[in-house]
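Step one of this worksheet: look at the structure below.
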2 protein chains.
Amino acid sequence: MKYKEIATFIRNKIIDGDWFYGMKMPSHRSLANQFEVNRVTILKSIEVLEAEGFIYTKKGSGTYVNDYLDENYILNKWSEMMDWSFRSRSEYTVQLINKLETDTAYIHISKGELGKELIPHRELKQAMLNVSDYIGDLSFGYNNGYGYMKLRELIAKRLNEAGFDITKDNVLITSGALHAIQLLVTGFLSQNTVVFSNTPSYIDSTHVFNYLNMSKVKISYNSLSQFQHVINKYPSYKEKALYIEPSFNNPTGQSISQKNREDIMHFSKIHNIPIIEDDIYRDIWFETAPLLPIKALDSNGNVIHISSFSKSIAPAIRIGWLIASEKVIEQLADIRMQIDYGSSILSQMVVYELLKTGSYDQHVQSLRGKLKDKRDFMLSILNELFSKIAQWDIPKGGFFIWVTFNENINIKKLFSELINKEKILLNPGFIYGSEANTIRLSYAFENKENIEYALQKIWEYIYSEYKHNEFFKNQLNK
Amino acid sequence: MKYKEIATFIRNKIIDGDWFYGMKMPSHRSLANQFEVNRVTILKSIEVLEAEGFIYTKKGSGTYVNDYLDENYILNKWSEMMDWSFRSRSEYTVQLINKLETDTAYIHISKGELGKELIPHRELKQAMLNVSDYIGDLSFGYNNGYGYMKLRELIAKRLNEAGFDITKDNVLITSGALHAIQLLVTGFLSQNTVVFSNTPSYIDSTHVFNYLNMSKVKISYNSLSQFQHVINKYPSYKEKALYIEPSFNNPTGQSISQKNREDIMHFSKIHNIPIIEDDIYRDIWFETAPLLPIKALDSNGNVIHISSFSKSIAPAIRIGWLIASEKVIEQLADIRMQIDYGSSILSQMVVYELLKTGSYDQHVQSLRGKLKDKRDFMLSILNELFSKIAQWDIPKGGFFIWVTFNENINIKKLFSELINKEKILLNPGFIYGSEANTIRLSYAFENKENIEYALQKIWEYIYSEYKHNEFFKNQLNK
């Protein structure tokens with residue numbers, strides 16, 4: 001076998017996704033054995049692939065699979081354009097997760113959505129039947145970018161009961177929370193804004209603030225009380241904005257204290273720094289309801305409040321909302337008329353029916369109990385298997401348990417090997433901006449059986465990989 | 001009454017929208033009479049409003065209402081940001097049309113959507129019932145950005161029957177056609193692309209290509225055969241793209257000949273200029289089906305084909321599609337995962353049911369007959385009232401009749417006066433990039449009674465306004 005054929009074989013492995021970013025390649029010796037050639041031939045193949053950018057060599061460590069992007073294969077003009085368009089693609093790991101997340105052959109132990117048994121199918125069906133009853137009365141035209149008026153009224157009413165002081169004119173319906181943020185970025189933030197955001201955060205796995213000349217400054221979720229000091233480091237003439245998740249942060253499950261909420265609001269007011277408050281997990285609480293949103297403390301419209309029904313009903317419904325001053329809502333509605341003419345009326349009407357009939361509230365109440373039960377189950381398995389080698393907090397809401405390993409486990413390799421060998425999809429902490437040794441686990445998606453199976457497999461992989469490691473052994477024998 | 005109070009009175013007229021952009025204000029003399037002050041006081045009020053940008057004076061012509069934007073009233077940081085965000089607002093006239101388009105108190109004689117009686121309500125209801133039957137089987141999760149697989153398969157199958165050679169992997173579901181273009185702009189076009197587009201065009205009433213440093217070059221719809229010469233004027237190193245509406249152009253109703261289609265494809269291939277083909281009115285034909293799309297002539301993936309169900313089912317469904325090479329679709333799906341996680345599954349499933357059961361095809365066939373009948377009705381009224389003072393072609397498909405007046409009628413004033421006095425909303429040709437004396441009429445939205453009423457009112461307004469004009473009188477007496 002010639003070096004070119006071997007290079008092709010390896011290249012296809014990478015293109016097909018069998019070999020992943022960060023994966024260590026077999027040694028030159030073992031490749032030589034496998035292909036029945038001498039090591040010089042292998043070295044020539046490696047050189048080719050390295051020049052092509054498919055792999056890279058770490059001195060004294062070995063050869064690794066590189067961040068492979070399809071852009072290497074240019075087919076036509078549109079594909080060429082990928083390279084110089086001003087919206088960059090997701091990181092390869094995130095792309096891969098997005099791709100595998102809809103593959104039912106995998107166990108999705110980190111997935112940020114409700115499992116099928118938690119989706120309110122019966123209620124959705126009834127809502128659809130209700131809507132179909134008056135479908136003949138609807139004009140089905142382009143709306144004005146604001147969203148279905150009855151839904152906006154109902155959302156305003158519900159939020160007023162939760163401490164807001166708004167009308168439907170402060171409500172814009174969006175296609176989910178990320179879409180609301182996207183609208184703000186393209187509609188309001190200047191190219192040179194410095195966006196401060198809590199980290200770790202799901203927002204770090206997106207490119208939503210990596211736009212043109214915007215710069216992003218991460219503030220550790222645990223030290224948000226210090227955020228004044230971080231922001232003060234930047235010149236006052238710089239335009240700034242703050243992105244914040246007040247309740248049940250994705251991925252850590254933490255919330256922001258009342259004092260920190262007040263401080264943030266106060267500081268935002270004094271320095272005129274607008275706040276994007278993303279409160280998407282607000283309804284998913286277990287023992288006590290979360291603190292009031294920062295928006296409820298807002299007297300001058302500095303806070304834009306964002307949420308959605310993706311976590312409490314279903315993501316595929318694509319209905320979220322954005323609360324802001326009338327002027328801002330008017331501007332965003334105009335932008336939507338330029339972008340997509342608003343969200344699907346069918347989805348909006350179905351959600352309206354769920355809210356109006358009270359079936360949403362009943363569903364969410366029952367959902368809390370079921371999720372709490374699954375959380376407790378996952379915690380019990382974690383305690384049983386991982387208590388000596390990892391740490392985590394008990395989340396009081398949301399979908400996730402954030403696990404930090406004591407031992408310096410190679411998370412990229414863990415991620416790749418679980419995909420390759422076990423068909424388990426595990427979201428590594430680094431995609432959320434965590435530099436530590438972390439993973440995000442979700443009790444929302446899989447059933448108990450699969451949760452137990454996946455955690456057992458993760459444990460087995462770690463044990464077999466690190467059992468000869470002294471530190472690891474010490475941990476286990478503590 | 002002091003000059004400040006008068007200024008406030010006029011300012012409120014403009015803010016409230018009673019006085020519109022381009023409207024000529026009453027003379028100083030008549031204002032002086034109205035407010036019972038001398039002309040010096042009126043001049044001082046005018047000075048104030050001019051300094052504020054609410055009005056402007058044309059030498060030797062009078063005082064006019066300016067393009068008023070709410071940004072003059074800054075409430076808080078988010079509103080301030082409007083001024084320096086990098087997405088500009090729609091033109092004031094377009095904003096006003098968007099705002100009034102959902103106001104049922106108006107007669108919408110230009111509206112680009114099906115009237116309520118043409119919406120397939122019965123079919124939509126049945127499709128919803130079908131979907132509700134298997135709703136329990138659905139996971140309702142985040143999809144992977146591509147769209148509902150069964151719908152993509154069905155769209156591919158249908159397009160293959162119309163001359164394409166694609167699979168579901170070439171299909172991306174979007175929230176309408178404009179949204180598809182938006183995705184291409186943010187996902188592919190570089191900041192410095194020169195976008196060539198046919199004009200007049202509805203695309204000129206949007207800002208979709210006025211993005212960052214992109215420049216836009218308009219090519220008259222009638223001289224598309226000359227587009228090589230236009231494009232050749234730009235240096236070859238400049239990135240270029242071509243936007244084109246091959247069938248039943250909005251607003252003129254024209255289509256591109258077979259020869260021009262072939263020439264455009266040929267030239268695009270040789271010079272590697274990607275084409276965005278927007279074929280949204282394709283299904284709305286009267287005597288004969290339109291020519292094959294340019295995409296059907298495409299052998300190297302240079303053409304991206306876009307369409308939607310907004311014109312044949314209903315805009316509020318928000319379902320369109322984009323056909324491109326697999327690599328491009330993959331990239332765009334990734335971008336959607338960054339923007340909004342795809343379109344509503346409910347809408348996608350309802351459209352799928354409409355297609356699968358054949359009820360879409362039956363509906364469209366009957367729709368063609370009904371629209372043709374309304375087109376003929378509108379033509380008969382036009383012939384009766386306007387044949388001496390205006391010209392138009394008979395559209396062979398689409399929704400619109402494009403009317404060009406012989407006399408130099410003030411279209412802005414016509415637009416404003418019809419809104420103010422008659423509650424008739426008429427889209428002026430200038431919002432579509434037309435410099436001529438044009439309006440867009442639609443036979444799709446209003447019923448025959450309202451079509452006749454609106455055209456009669458337009459005629460009466462024009463007659464009373466221009467009856468003393470010599471040229472106008474000559475026309476009438478021809």
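Ordering of the structure tokens sets the chain letters (A, B, ...), residue numbers begin anew at 1 in every chain, and ligands are numbered from 1 in the order given.
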Contacts of chain A with chain B up to 6 Å, shortest pair per row, only C-alpha atoms, as JSON lines:
```
{"residue": "A:Met81", "atom": "CA", "partner": "B:Phe188", "partner_atom": "CA", "distance": 5.4}
{"residue": "A:Met82", "atom": "CA", "partner": "B:Phe188", "partner_atom": "CA", "distance": 5.6}
{"residue": "A:Trp84", "atom": "CA", "partner": "B:Ser190", "partner_atom": "CA", "distance": 5.8}
{"residue": "A:Ser85", "atom": "CA", "partner": "B:Ser190", "partner_atom": "CA", "distance": 4.6}
{"residue": "A:Arg87", "atom": "CA", "partner": "B:Gly187", "partner_atom": "CA", "distance": 5.6}
{"residue": "A:Lys116", "atom": "CA", "partner": "B:Ser139", "partner_atom": "CA", "distance": 5.1}
{"residue": "A:His121", "atom": "CA", "partner": "B:Gly136", "partner_atom": "CA", "distance": 5.2}
{"residue": "A:Lys125", "atom": "CA", "partner": "B:Ser132", "partner_atom": "CA", "distance": 5.2}
{"residue": "A:Ser132", "atom": "CA", "partner": "B:Lys125", "partner_atom": "CA", "distance": 5.2}
{"residue": "A:Gly136", "atom": "CA", "partner": "B:His121", "partner_atom": "CA", "distance": 5.2}
{"residue": "A:Ser139", "atom": "CA", "partner": "B:Lys116", "partner_atom": "CA", "distance": 5.1}
{"residue": "A:Phe140", "atom": "CA", "partner": "B:Ala316", "partner_atom": "CA", "distance": 4.9}
{"residue": "A:Gly141", "atom": "CA", "partner": "B:Pro315", "partner_atom": "CA", "distance": 5.3}
{"residue": "A:Tyr142", "atom": "CA", "partner": "B:Pro315", "partner_atom": "CA", "distance": 5.2}
{"residue": "A:His179", "atom": "CA", "partner": "B:Asp340", "partner_atom": "CA", "distance": 4.6}
{"residue": "A:Gly187", "atom": "CA", "partner": "B:Arg87", "partner_atom": "CA", "distance": 5.6}
{"residue": "A:Phe188", "atom": "CA", "partner": "B:Ser85", "partner_atom": "CA", "distance": 4.7}
{"residue": "A:Leu189", "atom": "CA", "partner": "B:Ser85", "partner_atom": "CA", "distance": 5.4}
{"residue": "A:Ser190", "atom": "CA", "partner": "B:Ser85", "partner_atom": "CA", "distance": 4.7}
{"residue": "A:Ala314", "atom": "CA", "partner": "B:Phe140", "partner_atom": "CA", "distance": 5.6}
{"residue": "A:Pro315", "atom": "CA", "partner": "B:Tyr142", "partner_atom": "CA", "distance": 5.2}
{"residue": "A:Ala316", "atom": "CA", "partner": "B:Phe140", "partner_atom": "CA", "distance": 4.9}
{"residue": "A:Ile317", "atom": "CA", "partner": "B:Ser344", "partner_atom": "CA", "distance": 5.2}
{"residue": "A:Arg318", "atom": "CA", "partner": "B:Ser344", "partner_atom": "CA", "distance": 5.3}
{"residue": "A:Ile339", "atom": "CA", "partner": "B:His179", "partner_atom": "CA", "distance": 5.4}
{"residue": "A:Asp340", "atom": "CA", "partner": "B:His179", "partner_atom": "CA", "distance": 4.7}
{"residue": "A:Ser344", "atom": "CA", "partner": "B:Ile317", "partner_atom": "CA", "distance": 5.2}
{"residue": "A:Ile345", "atom": "CA", "partner": "B:Ala316", "partner_atom": "CA", "distance": 5.4}
```
Worksheet item: Hey, which of B:Ile256, B:Phe267, B:Ile381, B:Glu262 ends up closest to Pro290 of chain B? Count only C-alpha atoms.
Response: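 The closest residue to Pro290 of chain B is B:Ile256.
The neighbours of Ile107 of chain B here are the residues that come within 7 Å of it, using only C-alpha atoms and leaving out any residue fewer than 6 positions away in the same chain; they are B:Lys423, B:Ile424, B:Leu425, B:Asn450.
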Item to complete: Output as a PyMOL selection string all residues of segment 151-334 of chain A that backbone DSSP marks as strand (DSSP E or B).
Response: chain A and resi 171-174+194-199+215-220+240-244+275-278+285+303-308+320-323
Please produce a file of the residues just selected, as a compact mmCIF listing (two decimals), in the first residue's frame, where the atoms kept are N, CA, C and O atoms.
```txt
# COMPACT_ATOMS: atom_id res chain seq x y z
N VAL A 171 -44.12 43.26 24.32
CA VAL A 171 -43.84 41.84 24.06
C VAL A 171 -43.63 41.60 22.56
O VAL A 171 -44.46 41.99 21.75
N LEU A 172 -42.53 40.96 22.23
CA LEU A 172 -42.29 40.50 20.86
C LEU A 172 -42.17 38.99 20.90
O LEU A 172 -41.41 38.45 21.71
N ILE A 173 -42.90 38.30 20.02
CA ILE A 173 -42.76 36.84 19.94
C ILE A 173 -41.57 36.52 19.04
O ILE A 173 -41.43 37.09 17.96
N THR A 174 -40.73 35.61 19.50
CA THR A 174 -39.55 35.22 18.71
C THR A 174 -39.58 33.72 18.46
O THR A 174 -40.39 33.00 19.04
N VAL A 194 -18.56 45.93 23.45
CA VAL A 194 -17.96 44.90 24.30
C VAL A 194 -19.12 44.23 25.03
O VAL A 194 -19.86 44.89 25.76
N VAL A 195 -19.27 42.93 24.79
CA VAL A 195 -20.35 42.20 25.46
C VAL A 195 -19.77 41.42 26.63
O VAL A 195 -18.90 40.57 26.44
N PHE A 196 -20.23 41.72 27.83
CA PHE A 196 -19.83 40.98 29.01
C PHE A 196 -20.85 39.87 29.22
O PHE A 196 -22.05 40.10 29.10
N SER A 197 -20.38 38.67 29.51
CA SER A 197 -21.34 37.59 29.72
C SER A 197 -20.84 36.64 30.79
O SER A 197 -19.63 36.47 30.96
N ASN A 198 -21.81 36.05 31.51
CA ASN A 198 -21.40 35.09 32.54
C ASN A 198 -20.84 33.84 31.87
O ASN A 198 -21.23 33.47 30.76
N THR A 199 -19.92 33.18 32.55
CA THR A 199 -19.34 31.94 32.02
C THR A 199 -19.10 31.00 33.19
O THR A 199 -18.84 31.47 34.29
N SER A 215 -16.43 42.51 20.80
CA SER A 215 -15.56 41.68 21.63
C SER A 215 -16.36 41.17 22.81
O SER A 215 -17.36 41.76 23.23
N LYS A 216 -15.94 40.03 23.29
CA LYS A 216 -16.69 39.35 24.34
C LYS A 216 -15.78 39.18 25.54
O LYS A 216 -14.65 38.73 25.42
N VAL A 217 -16.27 39.56 26.70
CA VAL A 217 -15.51 39.41 27.93
C VAL A 217 -16.31 38.50 28.85
O VAL A 217 -17.48 38.77 29.14
N LYS A 218 -15.68 37.41 29.28
CA LYS A 218 -16.40 36.46 30.12
C LYS A 218 -16.18 36.78 31.60
O LYS A 218 -15.06 37.07 32.01
N ILE A 219 -17.25 36.72 32.36
CA ILE A 219 -17.15 36.93 33.80
C ILE A 219 -17.60 35.63 34.46
O ILE A 219 -18.71 35.15 34.18
N SER A 220 -16.73 35.09 35.30
CA SER A 220 -17.05 33.82 35.93
C SER A 220 -18.39 33.91 36.67
O SER A 220 -18.66 34.89 37.37
N LYS A 240 -21.02 49.14 25.72
CA LYS A 240 -20.99 47.87 26.46
C LYS A 240 -22.41 47.31 26.59
O LYS A 240 -23.39 48.04 26.57
N ALA A 241 -22.47 46.00 26.75
CA ALA A 241 -23.74 45.34 27.07
C ALA A 241 -23.42 44.15 27.95
O ALA A 241 -22.29 43.62 27.93
N LEU A 242 -24.41 43.73 28.73
CA LEU A 242 -24.20 42.62 29.66
C LEU A 242 -25.21 41.52 29.35
O LEU A 242 -26.42 41.77 29.30
N TYR A 243 -24.72 40.29 29.15
CA TYR A 243 -25.60 39.14 28.96
C TYR A 243 -25.58 38.31 30.24
O TYR A 243 -24.51 37.98 30.75
N ILE A 244 -26.75 37.96 30.74
CA ILE A 244 -26.78 37.30 32.03
C ILE A 244 -27.91 36.27 32.11
O ILE A 244 -28.99 36.47 31.57
N ILE A 275 -28.77 45.50 29.62
CA ILE A 275 -28.68 44.11 30.07
C ILE A 275 -29.59 43.24 29.22
O ILE A 275 -30.75 43.58 28.98
N ILE A 276 -29.04 42.11 28.78
CA ILE A 276 -29.85 41.06 28.15
C ILE A 276 -30.01 39.96 29.19
O ILE A 276 -29.04 39.30 29.55
N GLU A 277 -31.23 39.80 29.68
CA GLU A 277 -31.50 38.81 30.73
C GLU A 277 -32.15 37.59 30.10
O GLU A 277 -33.28 37.67 29.62
N ASP A 278 -31.46 36.48 30.13
CA ASP A 278 -31.94 35.24 29.50
C ASP A 278 -32.43 34.30 30.60
O ASP A 278 -31.64 33.65 31.26
N TRP A 285 -38.36 24.86 38.19
CA TRP A 285 -37.81 24.88 39.54
C TRP A 285 -38.38 23.72 40.34
O TRP A 285 -39.44 23.18 40.00
N VAL A 303 -33.18 46.87 30.84
CA VAL A 303 -33.12 45.40 30.78
C VAL A 303 -34.04 44.88 29.68
O VAL A 303 -35.21 45.28 29.59
N ILE A 304 -33.50 44.01 28.86
CA ILE A 304 -34.33 43.26 27.92
C ILE A 304 -34.42 41.84 28.43
O ILE A 304 -33.39 41.19 28.67
N HIS A 305 -35.65 41.40 28.66
CA HIS A 305 -35.89 40.09 29.26
C HIS A 305 -36.28 39.10 28.17
O HIS A 305 -37.14 39.39 27.35
N ILE A 306 -35.64 37.94 28.21
CA ILE A 306 -35.84 36.95 27.16
C ILE A 306 -36.20 35.60 27.78
O ILE A 306 -35.63 35.23 28.80
N SER A 307 -37.14 34.91 27.18
CA SER A 307 -37.40 33.54 27.62
C SER A 307 -38.08 32.77 26.49
O SER A 307 -38.23 33.30 25.39
N SER A 308 -38.48 31.54 26.75
CA SER A 308 -39.12 30.75 25.69
C SER A 308 -39.85 29.56 26.28
O SER A 308 -39.73 29.26 27.47
N GLY A 320 -40.57 31.77 21.56
CA GLY A 320 -40.01 32.44 22.72
C GLY A 320 -40.52 33.87 22.73
O GLY A 320 -41.37 34.23 21.92
N TRP A 321 -40.00 34.69 23.67
CA TRP A 321 -40.44 36.07 23.69
C TRP A 321 -39.36 36.99 24.21
O TRP A 321 -38.37 36.54 24.81
N LEU A 322 -39.55 38.25 23.98
CA LEU A 322 -38.60 39.28 24.36
C LEU A 322 -39.42 40.45 24.93
O LEU A 322 -40.40 40.88 24.32
N ILE A 323 -39.03 40.91 26.12
CA ILE A 323 -39.74 42.01 26.79
C ILE A 323 -38.83 43.24 26.79
O ILE A 323 -37.68 43.17 27.24
```
Fill in: Residues of segment 232-476 of chain B in helix (DSSP H, G or I), written as a ChimeraX atom specification
/B:232,258-271,294-297,315-317,326-339,345-356,359-386,411-422,429-432,448-466,470-476
Could you give me, as a PDB file with all heavy atoms, in the first residue's frame, the residues within 12 Å of Lys467 of chain A, counting only C-alpha atoms and dropping anything in the same chain fewer than 6 positions from it?
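Full text of around-v7.pdb as output:
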```
ATOM      1  N   ILE A 389     -14.229  10.654  42.742  1.00  0.00           N
ATOM      2  CA  ILE A 389     -13.363  11.245  41.709  1.00  0.00           C
ATOM      3  C   ILE A 389     -13.940  12.525  41.092  1.00  0.00           C
ATOM      4  O   ILE A 389     -13.352  13.103  40.181  1.00  0.00           O
ATOM      5  CB  ILE A 389     -13.069  10.237  40.567  1.00  0.00           C
ATOM      6  CG1 ILE A 389     -14.379   9.811  39.884  1.00  0.00           C
ATOM      7  CG2 ILE A 389     -12.292   9.039  41.080  1.00  0.00           C
ATOM      8  CD1 ILE A 389     -14.148   9.265  38.485  1.00  0.00           C
ATOM      9  N   GLU A 407      -9.546  14.318  39.018  1.00  0.00           N
ATOM     10  CA  GLU A 407      -8.402  13.880  38.216  1.00  0.00           C
ATOM     11  C   GLU A 407      -8.409  14.597  36.876  1.00  0.00           C
ATOM     12  O   GLU A 407      -9.472  14.923  36.351  1.00  0.00           O
ATOM     13  CB  GLU A 407      -8.502  12.366  38.005  1.00  0.00           C
ATOM     14  CG  GLU A 407      -7.539  11.776  36.996  1.00  0.00           C
ATOM     15  CD  GLU A 407      -6.079  11.918  37.414  1.00  0.00           C
ATOM     16  OE1 GLU A 407      -5.801  12.329  38.561  1.00  0.00           O
ATOM     17  OE2 GLU A 407      -5.216  11.633  36.583  1.00  0.00           O
ATOM     18  N   ILE A 409      -8.744  14.285  33.798  1.00  0.00           N
ATOM     19  CA  ILE A 409      -9.199  13.375  32.751  1.00  0.00           C
ATOM     20  C   ILE A 409      -9.257  14.122  31.417  1.00  0.00           C
ATOM     21  O   ILE A 409      -9.643  15.282  31.361  1.00  0.00           O
ATOM     22  CB  ILE A 409     -10.588  12.814  33.159  1.00  0.00           C
ATOM     23  CG1 ILE A 409     -10.364  11.719  34.203  1.00  0.00           C
ATOM     24  CG2 ILE A 409     -11.365  12.306  31.970  1.00  0.00           C
ATOM     25  CD1 ILE A 409     -11.593  11.349  34.962  1.00  0.00           C
ATOM     26  N   TRP A 459     -18.297   5.607  33.696  1.00  0.00           N
ATOM     27  CA  TRP A 459     -17.434   5.135  34.796  1.00  0.00           C
ATOM     28  C   TRP A 459     -16.467   4.048  34.311  1.00  0.00           C
ATOM     29  O   TRP A 459     -15.272   4.098  34.577  1.00  0.00           O
ATOM     30  CB  TRP A 459     -18.286   4.622  35.965  1.00  0.00           C
ATOM     31  CG  TRP A 459     -17.475   3.803  36.905  1.00  0.00           C
ATOM     32  CD1 TRP A 459     -17.529   2.462  37.104  1.00  0.00           C
ATOM     33  CD2 TRP A 459     -16.423   4.292  37.754  1.00  0.00           C
ATOM     34  NE1 TRP A 459     -16.584   2.055  38.010  1.00  0.00           N
ATOM     35  CE2 TRP A 459     -15.892   3.176  38.426  1.00  0.00           C
ATOM     36  CE3 TRP A 459     -15.876   5.544  37.996  1.00  0.00           C
ATOM     37  CZ2 TRP A 459     -14.827   3.278  39.337  1.00  0.00           C
ATOM     38  CZ3 TRP A 459     -14.827   5.651  38.899  1.00  0.00           C
ATOM     39  CH2 TRP A 459     -14.318   4.533  39.564  1.00  0.00           C
ATOM     40  N   GLU A 460     -16.995   3.085  33.571  1.00  0.00           N
ATOM     41  CA  GLU A 460     -16.147   1.976  33.093  1.00  0.00           C
ATOM     42  C   GLU A 460     -15.027   2.482  32.201  1.00  0.00           C
ATOM     43  O   GLU A 460     -13.884   2.050  32.303  1.00  0.00           O
ATOM     44  CB  GLU A 460     -16.995   0.949  32.317  1.00  0.00           C
ATOM     45  CG  GLU A 460     -17.822   0.077  33.232  1.00  0.00           C
ATOM     46  CD  GLU A 460     -18.847  -0.752  32.461  1.00  0.00           C
ATOM     47  OE1 GLU A 460     -18.719  -0.866  31.212  1.00  0.00           O
ATOM     48  OE2 GLU A 460     -19.793  -1.264  33.110  1.00  0.00           O
ATOM     49  N   TYR A 461     -15.368   3.429  31.322  1.00  0.00           N
ATOM     50  CA  TYR A 461     -14.336   3.968  30.439  1.00  0.00           C
ATOM     51  C   TYR A 461     -13.241   4.646  31.256  1.00  0.00           C
ATOM     52  O   TYR A 461     -12.053   4.414  31.033  1.00  0.00           O
ATOM     53  CB  TYR A 461     -14.933   4.961  29.430  1.00  0.00           C
ATOM     54  CG  TYR A 461     -13.843   5.747  28.741  1.00  0.00           C
ATOM     55  CD1 TYR A 461     -13.109   5.177  27.700  1.00  0.00           C
ATOM     56  CD2 TYR A 461     -13.492   7.024  29.198  1.00  0.00           C
ATOM     57  CE1 TYR A 461     -12.070   5.876  27.120  1.00  0.00           C
ATOM     58  CE2 TYR A 461     -12.449   7.716  28.616  1.00  0.00           C
ATOM     59  CZ  TYR A 461     -11.742   7.141  27.578  1.00  0.00           C
ATOM     60  OH  TYR A 461     -10.697   7.816  27.006  1.00  0.00           O
ATOM     61  N   LYS A 473      -5.825   6.242  41.503  1.00  0.00           N
ATOM     62  CA  LYS A 473      -5.922   5.125  42.452  1.00  0.00           C
ATOM     63  C   LYS A 473      -6.074   5.645  43.876  1.00  0.00           C
ATOM     64  O   LYS A 473      -6.850   5.118  44.674  1.00  0.00           O
ATOM     65  CB  LYS A 473      -4.695   4.223  42.333  1.00  0.00           C
ATOM     66  CG  LYS A 473      -4.802   3.257  41.153  1.00  0.00           C
ATOM     67  CD  LYS A 473      -3.784   2.138  41.224  1.00  0.00           C
ATOM     68  CE  LYS A 473      -2.408   2.662  40.818  1.00  0.00           C
ATOM     69  NZ  LYS A 473      -1.387   1.614  40.769  1.00  0.00           N
ATOM     70  N   ASN A 474      -5.308   6.727  44.191  1.00  0.00           N
ATOM     71  CA  ASN A 474      -5.398   7.308  45.529  1.00  0.00           C
ATOM     72  C   ASN A 474      -6.801   7.811  45.822  1.00  0.00           C
ATOM     73  O   ASN A 474      -7.313   7.642  46.927  1.00  0.00           O
ATOM     74  CB  ASN A 474      -4.411   8.477  45.670  1.00  0.00           C
ATOM     75  CG  ASN A 474      -2.982   7.956  45.765  1.00  0.00           C
ATOM     76  OD1 ASN A 474      -2.779   6.786  46.106  1.00  0.00           O
ATOM     77  ND2 ASN A 474      -2.025   8.808  45.456  1.00  0.00           N
ATOM     78  N   GLN A 475      -7.394   8.454  44.813  1.00  0.00           N
ATOM     79  CA  GLN A 475      -8.756   8.959  44.979  1.00  0.00           C
ATOM     80  C   GLN A 475      -9.695   7.817  45.343  1.00  0.00           C
ATOM     81  O   GLN A 475     -10.482   7.908  46.275  1.00  0.00           O
ATOM     82  CB  GLN A 475      -9.240   9.585  43.658  1.00  0.00           C
ATOM     83  CG  GLN A 475      -8.456  10.789  43.209  1.00  0.00           C
ATOM     84  CD  GLN A 475      -9.039  12.062  43.752  1.00  0.00           C
ATOM     85  OE1 GLN A 475     -10.241  12.224  43.780  1.00  0.00           O
ATOM     86  NE2 GLN A 475      -8.183  12.948  44.230  1.00  0.00           N
ATOM     87  N   LEU A 476      -9.592   6.750  44.573  1.00  0.00           N
ATOM     88  CA  LEU A 476     -10.520   5.638  44.774  1.00  0.00           C
ATOM     89  C   LEU A 476     -10.348   4.997  46.144  1.00  0.00           C
ATOM     90  O   LEU A 476     -11.307   4.520  46.740  1.00  0.00           O
ATOM     91  CB  LEU A 476     -10.316   4.574  43.688  1.00  0.00           C
ATOM     92  CG  LEU A 476     -10.829   4.903  42.296  1.00  0.00           C
ATOM     93  CD1 LEU A 476     -10.749   3.659  41.436  1.00  0.00           C
ATOM     94  CD2 LEU A 476     -12.261   5.402  42.355  1.00  0.00           C
ATOM     95  N   ASN A 477      -9.093   5.005  46.645  1.00  0.00           N
ATOM     96  CA  ASN A 477      -8.831   4.317  47.902  1.00  0.00           C
ATOM     97  C   ASN A 477      -8.988   5.205  49.125  1.00  0.00           C
ATOM     98  O   ASN A 477      -8.695   4.779  50.234  1.00  0.00           O
ATOM     99  CB  ASN A 477      -7.411   3.722  47.872  1.00  0.00           C
ATOM    100  CG  ASN A 477      -7.321   2.669  46.779  1.00  0.00           C
ATOM    101  OD1 ASN A 477      -8.303   1.987  46.503  1.00  0.00           O
ATOM    102  ND2 ASN A 477      -6.158   2.564  46.144  1.00  0.00           N
TER     103      ASN A 477
END
```
Worksheet item: In terms of the shortest atom-to-atom distance over only C-alpha atoms, which of A:Leu292, A:Ser299, A:Glu446, A:His468 is closest to Lys259 of chain A?
Response: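 Once distances to Lys259 of chain A are computed over only C-alpha atoms, the minimum belongs to A:Leu292.
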